[in-house]
>>> print(open('input.csv').read())   # CSV, C-alpha atoms
chain,number,residue,atom,x,y,z
A,417,MET,CA,19.1,-105.7,138.5
A,418,LYS,CA,19.7,-103.4,141.5
A,419,PHE,CA,21.0,-100.0,140.7
A,420,ALA,CA,22.9,-97.4,142.9
A,421,ILE,CA,22.6,-94.0,141.4
A,422,GLN,CA,24.6,-90.9,142.2
A,423,VAL,CA,23.5,-87.4,141.1
A,424,ASN,CA,26.1,-84.7,141.0
A,425,GLY,CA,24.4,-81.8,139.2
A,426,SER,CA,22.3,-79.0,140.7
A,427,VAL,CA,18.7,-78.5,139.8
A,428,PHE,CA,19.2,-75.9,137.0
A,429,GLY,CA,22.9,-76.2,136.4
A,430,SER,CA,22.9,-79.2,134.1
A,431,GLU,CA,20.8,-82.0,132.8
A,432,ALA,CA,22.3,-84.5,135.2
A,433,GLY,CA,19.3,-84.5,137.5
A,434,ASP,CA,16.8,-84.9,134.6
A,435,SER,CA,18.8,-87.6,133.0
A,436,ALA,CA,19.0,-89.5,136.3
A,437,TYR,CA,15.3,-89.1,136.9
A,438,GLN,CA,14.4,-90.4,133.4
A,439,PHE,CA,16.8,-93.4,133.8
A,440,ILE,CA,15.3,-94.3,137.2
A,441,ARG,CA,11.8,-94.1,135.9
A,442,ALA,CA,12.7,-96.4,132.9
A,443,ALA,CA,14.6,-98.8,135.2
A,444,ILE,CA,11.6,-99.1,137.5
A,445,GLU,CA,9.3,-99.6,134.6
A,446,ARG,CA,11.5,-102.4,133.3
A,447,GLY,CA,11.3,-104.1,136.7
A,448,HIS,CA,14.7,-103.2,138.1
A,449,GLU,CA,15.3,-102.0,141.7
A,450,ILE,CA,16.8,-98.7,142.7
A,451,VAL,CA,18.8,-99.4,145.9
A,452,ARG,CA,19.4,-95.7,146.6
A,453,VAL,CA,19.8,-92.3,144.8
A,454,PHE,CA,22.6,-90.4,146.5
A,455,PHE,CA,22.9,-86.7,145.9
A,456,TYR,CA,26.5,-85.5,146.1
A,457,HIS,CA,28.5,-82.4,145.1
A,458,GLU,CA,26.1,-79.9,143.6
A,459,GLY,CA,23.5,-82.6,143.5
A,460,ALA,CA,22.7,-81.8,147.1
A,461,TYR,CA,20.7,-78.9,145.7
A,462,GLN,CA,18.3,-81.3,144.1
A,463,GLY,CA,16.6,-81.6,147.5
A,464,MET,CA,16.1,-77.9,148.2
A,465,ALA,CA,12.5,-77.3,149.3
A,466,GLN,CA,12.7,-73.6,148.4
A,467,VAL,CA,13.2,-74.2,144.7
A,468,SER,CA,10.4,-72.3,143.1
A,469,PRO,CA,10.2,-72.1,139.3
A,470,PRO,CA,7.4,-70.3,137.6
A,471,ASP,CA,4.1,-72.3,137.4
A,472,ASP,CA,4.5,-73.0,133.7
A,473,GLU,CA,7.9,-74.5,134.1
A,474,PRO,CA,8.8,-78.0,135.4
A,475,ASN,CA,9.7,-78.4,139.1
A,476,PRO,CA,12.5,-81.0,139.3
A,477,VAL,CA,12.5,-81.1,143.1
A,478,LYS,CA,8.8,-81.7,143.3
A,479,ARG,CA,9.3,-84.5,140.8
A,480,TRP,CA,11.8,-86.3,143.1
A,481,SER,CA,9.3,-86.0,146.0
A,482,GLU,CA,6.6,-87.5,143.8
A,483,LEU,CA,9.0,-90.4,142.9
A,484,VAL,CA,9.4,-91.2,146.6
A,485,HIS,CA,5.6,-91.0,147.1
A,486,GLU,CA,4.9,-93.3,144.1
A,487,CYS,CA,7.7,-95.8,144.3
A,488,GLY,CA,9.2,-95.5,147.7
A,489,THR,CA,12.7,-94.7,146.2
A,490,ASP,CA,15.3,-94.0,148.8
A,491,LEU,CA,16.7,-90.5,148.1
A,492,VAL,CA,19.6,-89.5,150.3
A,493,ILE,CA,21.4,-86.1,150.3
A,494,CYS,CA,24.9,-86.2,151.5
A,495,ILE,CA,25.1,-84.5,154.9
A,496,SER,CA,28.5,-83.0,154.3
A,497,ALA,CA,27.7,-81.7,150.8
A,498,ALA,CA,24.4,-80.2,152.2
A,499,GLN,CA,26.1,-78.7,155.2
A,500,ARG,CA,28.8,-77.0,153.1
A,501,ARG,CA,26.2,-75.6,150.7
A,502,GLY,CA,23.9,-74.1,153.3
A,503,LEU,CA,21.1,-76.6,153.0
A,504,LEU,CA,21.1,-77.3,156.7
A,505,ASP,CA,20.8,-74.9,159.6
A,506,GLY,CA,24.2,-73.9,160.9
A,507,HIS,CA,26.2,-76.6,162.6
A,508,GLY,CA,23.2,-78.2,164.3
A,509,ASP,CA,23.1,-81.5,166.0
A,510,LEU,CA,21.6,-83.2,163.0
A,511,GLN,CA,21.8,-86.9,163.1
A,512,SER,CA,21.9,-88.9,159.9
A,513,GLY,CA,18.3,-89.4,158.7
A,514,GLU,CA,17.0,-86.1,160.1
A,515,ALA,CA,16.2,-83.3,157.8
A,516,PRO,CA,15.4,-79.8,158.9
A,517,VAL,CA,11.7,-79.2,158.3
A,518,GLY,CA,11.2,-76.7,155.5
A,519,ARG,CA,14.7,-76.8,154.1
A,520,VAL,CA,14.8,-80.2,152.5
A,521,ALA,CA,12.0,-81.3,150.2
A,522,PRO,CA,9.6,-84.0,151.2
A,523,GLY,CA,10.8,-87.6,150.7
A,524,PHE,CA,14.5,-86.8,150.8
A,525,ARG,CA,16.6,-87.9,153.8
A,526,ILE,CA,20.1,-86.8,154.9
A,527,GLY,CA,22.9,-89.3,155.2
A,528,GLY,CA,26.7,-89.7,155.2
A,529,LEU,CA,28.9,-91.0,152.4
A,530,GLY,CA,28.7,-94.4,154.0
A,531,GLN,CA,25.2,-94.5,152.5
A,532,TRP,CA,26.7,-94.2,149.1
A,533,VAL,CA,29.3,-96.9,149.7
A,534,ASP,CA,26.6,-99.2,151.2
A,535,ALA,CA,24.4,-98.7,148.1
A,536,CYS,CA,27.4,-99.6,145.8
A,537,ILE,CA,28.0,-102.7,147.8
A,538,ARG,CA,24.4,-103.8,147.6
A,539,ALA,CA,23.8,-102.9,144.0
A,540,ASP,CA,24.6,-104.9,140.8
A,541,ARG,CA,25.2,-101.7,138.8
A,542,VAL,CA,26.4,-98.2,139.8
A,543,LEU,CA,25.6,-95.1,137.6
A,544,ILE,CA,26.8,-91.6,138.2
A,545,PHE,CA,25.0,-88.7,136.6
A,546,ARG,CA,27.3,-85.7,136.4
A,547,PRO,CA,27.2,-82.2,134.9
B,1406,MET,CA,34.0,-107.6,131.1
B,1407,ALA,CA,33.2,-104.2,129.5
B,1408,VAL,CA,32.5,-100.7,130.4
B,1409,LEU,CA,29.6,-98.4,129.5
B,1410,HIS,CA,31.2,-94.9,129.0
B,1411,VAL,CA,28.8,-92.0,129.3
B,1412,VAL,CA,29.7,-88.7,127.9
B,1413,SER,CA,27.4,-85.8,128.5
B,1414,ARG,CA,29.5,-82.8,127.5
B,1415,SER,CA,29.9,-81.2,124.1
B,1416,PRO,CA,33.3,-81.9,122.6
B,1417,TRP,CA,33.7,-78.2,121.8
B,1418,VAL,CA,33.3,-77.3,125.5
B,1419,SER,CA,35.1,-80.2,127.2
B,1420,PRO,CA,37.8,-82.8,126.4
B,1421,SER,CA,35.7,-85.5,128.1
B,1422,LEU,CA,34.9,-87.3,124.8
B,1423,GLN,CA,38.5,-87.5,123.8
B,1424,GLN,CA,39.6,-88.5,127.3
B,1425,CYS,CA,37.0,-91.2,127.3
B,1426,LEU,CA,37.9,-92.6,123.9
B,1427,HIS,CA,41.6,-92.8,124.9
B,1428,ARG,CA,40.6,-95.3,127.7
B,1429,ALA,CA,37.9,-97.3,125.9
B,1430,ARG,CA,38.6,-100.6,124.2
B,1431,LYS,CA,36.9,-103.3,122.1
B,1432,GLY,CA,33.7,-104.5,123.7
B,1433,ASP,CA,33.0,-101.3,125.6
B,1434,ALA,CA,30.1,-99.0,124.6
B,1435,VAL,CA,29.9,-95.2,124.6
B,1436,LEU,CA,26.6,-93.5,125.3
B,1437,LEU,CA,26.4,-89.8,124.3
B,1438,SER,CA,23.8,-87.9,126.4
B,1439,SER,CA,22.9,-84.3,127.1
B,1440,ASP,CA,25.2,-82.0,125.1
B,1441,GLY,CA,27.4,-85.0,124.4
B,1442,VAL,CA,25.1,-85.9,121.5
B,1443,TYR,CA,26.5,-82.9,119.5
B,1444,ALA,CA,29.6,-85.0,119.1
B,1445,ALA,CA,27.6,-87.3,116.8
B,1446,LEU,CA,26.8,-84.7,114.2
B,1447,GLY,CA,27.9,-86.1,110.8
B,1448,GLY,CA,30.8,-84.2,109.2
B,1449,SER,CA,32.2,-83.1,112.5
B,1450,GLU,CA,35.7,-84.0,113.7
B,1451,SER,CA,34.2,-85.8,116.7
B,1452,ALA,CA,31.9,-87.9,114.5
B,1453,ARG,CA,35.1,-88.9,112.6
B,1454,MET,CA,36.7,-89.9,115.9
B,1455,LEU,CA,33.6,-91.9,116.8
B,1456,GLY,CA,33.7,-93.6,113.4
B,1457,ALA,CA,37.2,-94.7,114.2
B,1458,VAL,CA,36.2,-96.3,117.5
B,1459,LEU,CA,33.4,-98.1,115.8
B,1460,ALA,CA,36.0,-99.8,113.7
B,1461,ASP,CA,37.8,-100.7,116.9
B,1462,GLY,CA,34.8,-102.7,118.1
B,1463,ILE,CA,33.3,-100.1,120.4
B,1464,ASP,CA,29.6,-99.4,120.0
B,1465,VAL,CA,28.4,-95.8,120.1
B,1466,TYR,CA,24.9,-94.8,121.1
B,1467,CYS,CA,23.1,-91.5,121.2
B,1468,LEU,CA,20.3,-90.8,123.7
B,1469,LEU,CA,17.3,-90.2,121.4
B,1470,PRO,CA,15.4,-87.8,123.7
B,1471,ASP,CA,18.5,-85.6,124.0
B,1472,LEU,CA,18.9,-85.6,120.2
B,1473,GLU,CA,15.2,-84.7,119.7
B,1474,LYS,CA,15.5,-81.9,122.3
B,1475,ARG,CA,18.3,-80.4,120.2
B,1476,GLY,CA,16.6,-80.7,116.9
B,1477,ILE,CA,18.9,-83.5,115.6
B,1478,VAL,CA,17.4,-86.3,113.6
B,1479,PRO,CA,19.1,-89.7,113.2
B,1480,SER,CA,19.9,-89.0,109.5
B,1481,GLN,CA,22.2,-86.2,110.7
B,1482,LEU,CA,24.4,-88.5,112.7
B,1483,GLY,CA,27.7,-89.9,111.7
B,1484,GLU,CA,27.7,-93.2,110.0
B,1485,GLY,CA,27.2,-96.3,112.2
B,1486,LEU,CA,26.1,-94.3,115.3
B,1487,GLU,CA,22.9,-95.7,116.8
B,1488,THR,CA,20.2,-94.2,118.9
B,1489,VAL,CA,18.6,-95.5,122.1
B,1490,ASP,CA,15.9,-94.2,124.3
B,1491,TYR,CA,16.0,-94.5,128.1
B,1492,ASP,CA,14.8,-98.1,128.0
B,1493,GLY,CA,17.8,-98.8,125.8
B,1494,PHE,CA,20.0,-96.9,128.2
B,1495,VAL,CA,18.8,-99.1,131.0
B,1496,ASP,CA,19.4,-102.2,128.9
B,1497,LEU,CA,23.0,-101.0,128.2
B,1498,ALA,CA,23.6,-100.5,131.9
B,1499,VAL,CA,22.3,-104.0,132.6
B,1500,ARG,CA,24.4,-105.6,129.8
B,1501,LEU,CA,27.7,-103.9,130.7
B,1502,PRO,CA,28.8,-104.6,134.2
B,1503,ARG,CA,30.3,-101.2,135.0
B,1504,SER,CA,29.9,-97.7,133.9
B,1505,CYS,CA,32.1,-94.6,133.8
B,1506,SER,CA,30.8,-91.1,133.4
B,1507,TRP,CA,33.2,-88.6,131.8
C,302,MET,CA,33.4,-109.7,150.0
C,303,ALA,CA,34.9,-106.2,149.3
C,304,LYS,CA,34.2,-104.6,146.0
C,305,ARG,CA,36.9,-103.2,143.8
C,306,PHE,CA,36.5,-99.4,143.4
C,307,LEU,CA,38.6,-97.3,141.0
C,308,PHE,CA,38.6,-93.6,141.4
C,309,LEU,CA,39.8,-91.7,138.4
C,310,LEU,CA,41.0,-88.3,139.6
C,311,ARG,CA,41.0,-86.1,136.5
C,312,ARG,CA,40.7,-82.6,137.7
C,313,GLY,CA,43.1,-80.1,139.3
C,314,PRO,CA,43.2,-79.8,143.0
C,315,TYR,CA,41.6,-76.3,143.3
C,316,ASP,CA,38.6,-76.6,140.9
C,317,GLY,CA,36.1,-75.7,143.6
C,318,LEU,CA,35.2,-78.4,146.0
C,319,TRP,CA,34.9,-81.1,143.4
C,320,THR,CA,38.3,-82.8,144.0
C,321,LYS,CA,38.2,-82.6,147.8
C,322,GLU,CA,34.7,-84.1,147.8
C,323,CYS,CA,35.9,-86.9,145.5
C,324,LEU,CA,38.7,-87.6,147.9
C,325,ASP,CA,36.2,-87.8,150.8
C,326,MET,CA,34.2,-90.4,148.8
C,327,LEU,CA,37.3,-92.4,148.1
C,328,LEU,CA,38.4,-92.4,151.7
C,329,THR,CA,34.9,-93.5,152.8
C,330,ALA,CA,35.0,-96.5,150.5
C,331,ALA,CA,38.4,-97.4,152.1
C,332,ALA,CA,37.0,-96.9,155.6
C,333,PHE,CA,34.3,-99.3,154.7
C,334,ASP,CA,37.0,-101.9,153.9
C,335,GLN,CA,36.5,-101.8,150.1
C,336,GLN,CA,39.4,-102.4,147.8
C,337,VAL,CA,40.3,-98.9,146.5
C,338,THR,CA,42.5,-98.1,143.6
C,339,VAL,CA,43.3,-94.5,142.5
C,340,LEU,CA,44.3,-93.4,139.0
C,341,PHE,CA,45.5,-89.8,138.6
C,342,SER,CA,45.0,-88.9,134.9
C,343,ASP,CA,44.5,-85.8,132.8
C,344,ASP,CA,44.5,-82.7,135.1
C,345,GLY,CA,44.3,-85.0,138.1
C,346,VAL,CA,48.1,-85.3,138.0
C,347,PHE,CA,48.3,-81.7,139.1
C,348,GLN,CA,47.0,-82.8,142.5
C,349,LEU,CA,50.3,-84.5,143.1
C,350,MET,CA,52.6,-81.6,142.3
C,351,SER,CA,55.0,-80.7,145.0
C,352,GLY,CA,55.5,-77.2,146.3
C,353,GLN,CA,51.8,-76.1,146.3
C,354,ARG,CA,51.4,-73.1,148.5
C,355,PRO,CA,47.9,-71.6,148.4
C,356,ARG,CA,47.5,-68.3,150.2
C,357,GLY,CA,44.5,-67.3,152.3
C,358,ALA,CA,43.2,-68.2,155.7
C,359,GLY,CA,42.3,-71.8,156.1
C,360,GLN,CA,43.8,-72.9,152.7
C,361,ARG,CA,46.0,-75.9,152.7
C,362,PRO,CA,48.0,-77.5,150.0
C,363,PHE,CA,46.0,-80.3,148.5
C,364,ALA,CA,48.9,-82.7,149.2
C,365,THR,CA,47.9,-82.4,152.9
C,366,PHE,CA,44.7,-84.2,152.1
C,367,LEU,CA,46.4,-86.8,150.1
C,368,GLY,CA,48.3,-87.8,153.2
C,369,ALA,CA,45.1,-89.5,154.4
C,370,LEU,CA,45.4,-92.1,151.7
C,371,SER,CA,48.2,-94.0,153.5
C,372,PHE,CA,46.2,-93.6,156.8
C,373,TYR,CA,43.4,-95.6,155.2
C,374,ASP,CA,45.8,-98.0,153.6
C,375,VAL,CA,45.0,-96.8,150.1
C,376,ASP,CA,48.3,-97.7,148.4
C,377,ALA,CA,47.2,-98.7,144.9
C,378,LEU,CA,48.1,-95.3,143.4
C,379,PHE,CA,48.6,-95.0,139.7
C,380,VAL,CA,49.5,-92.1,137.5
C,381,GLU,CA,49.0,-92.2,133.7
C,382,MET,CA,52.3,-91.6,132.0
C,383,GLU,CA,50.9,-89.7,129.1
C,384,SER,CA,49.0,-87.3,131.4
C,385,LEU,CA,52.3,-86.4,133.0
C,386,GLN,CA,54.2,-86.1,129.7
C,387,GLU,CA,51.5,-83.9,128.0
C,388,ARG,CA,51.8,-81.5,130.9
C,389,GLY,CA,55.5,-81.4,131.0
C,390,LEU,CA,55.7,-83.0,134.4
C,391,LYS,CA,58.1,-85.6,135.7
C,392,VAL,CA,57.6,-88.3,138.3
C,393,GLU,CA,60.2,-86.6,140.5
C,394,GLN,CA,57.9,-83.6,140.9
C,395,LEU,CA,55.2,-85.7,142.5
C,396,VAL,CA,54.6,-85.7,146.3
C,397,LEU,CA,53.6,-89.4,146.6
C,398,PRO,CA,55.1,-92.6,145.5
C,399,VAL,CA,53.0,-93.9,142.5
C,400,GLN,CA,53.0,-96.6,139.9
C,401,LEU,CA,53.1,-95.4,136.3
C,402,VAL,CA,50.6,-96.8,133.9
C,403,ALA,CA,50.6,-96.3,130.1
C,404,ARG,CA,47.4,-94.9,128.6
C,405,ASN,CA,47.0,-98.1,126.5
C,406,ASP,CA,46.9,-100.1,129.7
C,407,VAL,CA,44.2,-98.0,131.5
C,408,ALA,CA,41.3,-99.9,129.9
C,409,ALA,CA,42.6,-103.1,131.4
C,410,LEU,CA,42.8,-101.5,134.8
C,411,LEU,CA,39.2,-100.3,134.4
C,412,ASP,CA,38.1,-103.8,133.5
C,413,GLU,CA,39.5,-105.2,136.8
C,414,GLN,CA,37.1,-103.1,138.9
C,415,ASP,CA,33.5,-103.4,140.1
C,416,VAL,CA,32.8,-99.7,140.5
C,417,LEU,CA,34.3,-96.8,138.6
C,418,VAL,CA,34.0,-93.3,139.9
C,419,SER,CA,35.4,-90.6,137.5
C,420,CYS,CA,36.1,-87.4,139.3
>>> encode(input="input.csv", output="structure tokens")
Amino acid sequence: MKFAIQVNGSVFGSEAGDSAYQFIRAAIERGHEIVRVFFYHEGAYQGMAQVSPPDDEPNPVKRWSELVHECGTDLVICISAAQRRGLLDGHGDLQSGEAPVGRVAPGFRIGGLGQWVDACIRADRVLIFRP
Amino acid sequence: MAVLHVVSRSPWVSPSLQQCLHRARKGDAVLLSSDGVYAALGGSESARMLGAVLADGIDVYCLLPDLEKRGIVPSQLGEGLETVDYDGFVDLAVRLPRSCSW
Amino acid sequence: MAKRFLFLLRRGPYDGLWTKECLDMLLTAAAFDQQVTVLFSDDGVFQLMSGQRPRGAGQRPFATFLGALSFYDVDALFVEMESLQERGLKVEQLVLPVQLVARNDVAALLDEQDVLVSC
């Protein structure tokens, strides 16, 4: 099965991100495909490079970057959600796909809501993880 | 054609569970995750509500890692409520063609 | 072939950005020629109340944004009857023409869809 996943919770505001991550890992282990993970609403914060928990605590953002590195999963942060929440620099000329270096964690890319709709069209199943 | 309803909020904090159960029907499944698992505690009003929907042909599952995190063991759950791990969550999402997160 | 999306709008119009961003998502699906249905239920019915007058620079009544629905040909608009009744509202107080659906019939509406987005 192909899954489209949306994550709506911020890094430390709820368990939405953790739940999504665990689901995605289990789905991949079971041979399913993740078409895209789309980070919307407060979920845009899941890609903030500056998140810096103490060393003895988990780093959810780093975990997402590792997922991309290991599995090539497509992680997209909604450009309008990111812009509103100050993840991007000012009102720059960011094109979809670009991510300002140092602001967005490695492995994430920026994209519009069309990326979410496209994922839903291509997937067999759609799951939304919300706070 | 059925729906996998996912409820992740405690019934004492949010009306999500009740709002979900109002719109679920026979053949659907409800998965309790995160603080939503508190709804399954035996003896609670919410567990009574879940028991009623079981009788209506709606399966109810609790996400085991979220129960364990909260110190809840399966024997503390309301009667008939099952547990699944993330593999089981994936299987539910595969089996039921659409999902709705409340 | 277009997929059938149902957006359940269940929160009030001014609960942070949540509802506005749900509307953006809904309109994007419509712009991508998907078949979009909207169900206003629970506190979502408050989005439709007439006479909203937010104060403050840049604030617009939420109904302004709902005007975009017709622009994108999103005309399958449902309101759950019980949600109105529980809140003491009447259809005449709503800013858009809607179809009423009974709570008992919502499950059937959900079952007709490919993608459910609960906002």
>>> atom_distance(input="input.csv", atom1="CA of Phe372 in chain C", atom2="CA of Gly359 in chain C")
22.2 Å
>>> residues_around(input="input.csv", residues="Val1465 in chain B", least_positions_apart="2", cutoff="6 Å", atoms="only C-alpha atoms", output="PyMOL selection string")
chain B and resi 1434-1436+1486
>>> residues_around(input="input.csv", residues="Pro1502 in chain B", least_positions_apart="3", cutoff="10 Å", atoms="all atoms listed in the file", output="list in words")
Asp540, Arg541 and Val542 of chain A; Met1406, Ala1407, Val1408, Leu1409, Leu1497, Ala1498 and Val1499 of chain B; Asp412, Gln414, Asp415 and Val416 of chain C
>>> atom_distance(input="input.csv", atom1="CA of Tyr373 in chain C", atom2="CA of Phe341 in chain C")
17.7 Å
>>> closest_atom_pairs(input="input.csv", of="chain B", to="chain C", cutoff="9 Å", atoms="all atoms listed in the file", output="CSV")
residue,atom,partner,partner_atom,distance
B:Met1406,CA,C:Asp412,CA,6.1
B:Ala1407,CA,C:Asp412,CA,6.3
B:Val1408,CA,C:Asp412,CA,7.1
B:Gln1424,CA,C:Asp343,CA,7.8
B:His1427,CA,C:Arg404,CA,7.2
B:Arg1428,CA,C:Ala408,CA,5.1
B:Ala1429,CA,C:Ala408,CA,5.9
B:Arg1430,CA,C:Ala408,CA,6.3
B:Pro1502,CA,C:Asp415,CA,7.6
B:Arg1503,CA,C:Val416,CA,6.2
B:Ser1504,CA,C:Leu417,CA,6.5
B:Cys1505,CA,C:Leu417,CA,5.7
B:Ser1506,CA,C:Ser419,CA,6.2
B:Trp1507,CA,C:Ser419,CA,6.4
>>> residues_near_point(input="input.csv", point="(15.5, -106.9, 143.2)", cutoff="10 Å", atoms="all atoms listed in the file", output="PDB file with C-alpha atoms, in the frame of the given file")
ATOM      1  CA  MET A 417      19.100-105.700 138.500  1.00  0.00           C
ATOM      2  CA  LYS A 418      19.700-103.400 141.500  1.00  0.00           C
ATOM      3  CA  PHE A 419      21.000-100.000 140.700  1.00  0.00           C
ATOM      4  CA  GLY A 447      11.300-104.100 136.700  1.00  0.00           C
ATOM      5  CA  HIS A 448      14.700-103.200 138.100  1.00  0.00           C
ATOM      6  CA  GLU A 449      15.300-102.000 141.700  1.00  0.00           C
ATOM      7  CA  ILE A 450      16.800 -98.700 142.700  1.00  0.00           C
ATOM      8  CA  VAL A 451      18.800 -99.400 145.900  1.00  0.00           C
ATOM      9  CA  ALA A 539      23.800-102.900 144.000  1.00  0.00           C
ATOM     10  CA  ASP A 540      24.600-104.900 140.800  1.00  0.00           C
TER      11      ASP A 540
END
>>> residues_around(input="input.csv", residues="Tyr315 in chain C", least_positions_apart="3", cutoff="8 Å", atoms="all atoms listed in the file", output="ChimeraX atom specification")
/C:318,320,363
>>> build_atoms(input="input.csv", residues="range 1427-1443 of chain B", atoms="N, CA and C atoms", output="CSV table (one decimal), in the coordinates of the input")
chain,number,residue,atom,x,y,z
B,1427,HIS,N,40.2,-92.3,124.7
B,1427,HIS,CA,41.6,-92.8,124.9
B,1427,HIS,C,41.6,-94.0,125.8
B,1428,ARG,N,40.6,-94.2,126.7
B,1428,ARG,CA,40.6,-95.3,127.7
B,1428,ARG,C,39.6,-96.3,127.4
B,1429,ALA,N,38.9,-96.3,126.3
B,1429,ALA,CA,37.9,-97.3,125.9
B,1429,ALA,C,38.6,-98.4,125.1
B,1430,ARG,N,38.0,-99.6,125.1
B,1430,ARG,CA,38.6,-100.6,124.2
B,1430,ARG,C,37.5,-101.5,123.7
B,1431,LYS,N,37.8,-102.4,122.8
B,1431,LYS,CA,36.9,-103.3,122.1
B,1431,LYS,C,36.0,-104.0,123.1
B,1432,GLY,N,34.7,-103.9,122.8
B,1432,GLY,CA,33.7,-104.5,123.7
B,1432,GLY,C,33.0,-103.5,124.6
B,1433,ASP,N,33.6,-102.4,124.8
B,1433,ASP,CA,33.0,-101.3,125.6
B,1433,ASP,C,31.9,-100.6,124.7
B,1434,ALA,N,31.1,-99.8,125.3
B,1434,ALA,CA,30.1,-99.0,124.6
B,1434,ALA,C,30.2,-97.6,125.1
B,1435,VAL,N,29.9,-96.6,124.2
B,1435,VAL,CA,29.9,-95.2,124.6
B,1435,VAL,C,28.5,-94.7,124.4
B,1436,LEU,N,27.9,-94.1,125.4
B,1436,LEU,CA,26.6,-93.5,125.3
B,1436,LEU,C,26.8,-92.0,125.3
B,1437,LEU,N,26.3,-91.3,124.3
B,1437,LEU,CA,26.4,-89.8,124.3
B,1437,LEU,C,25.0,-89.3,124.8
B,1438,SER,N,25.1,-88.5,125.8
B,1438,SER,CA,23.8,-87.9,126.4
B,1438,SER,C,24.0,-86.4,126.6
B,1439,SER,N,22.9,-85.8,126.9
B,1439,SER,CA,22.9,-84.3,127.1
B,1439,SER,C,23.6,-83.6,125.9
B,1440,ASP,N,24.5,-82.7,126.2
B,1440,ASP,CA,25.2,-82.0,125.1
B,1440,ASP,C,26.2,-82.9,124.4
B,1441,GLY,N,26.5,-84.1,125.0
B,1441,GLY,CA,27.4,-85.0,124.4
B,1441,GLY,C,26.9,-85.5,123.1
B,1442,VAL,N,25.6,-85.4,122.8
B,1442,VAL,CA,25.1,-85.9,121.5
B,1442,VAL,C,25.6,-85.0,120.3
B,1443,TYR,N,26.0,-83.8,120.6
B,1443,TYR,CA,26.5,-82.9,119.5
B,1443,TYR,C,27.7,-83.6,118.9
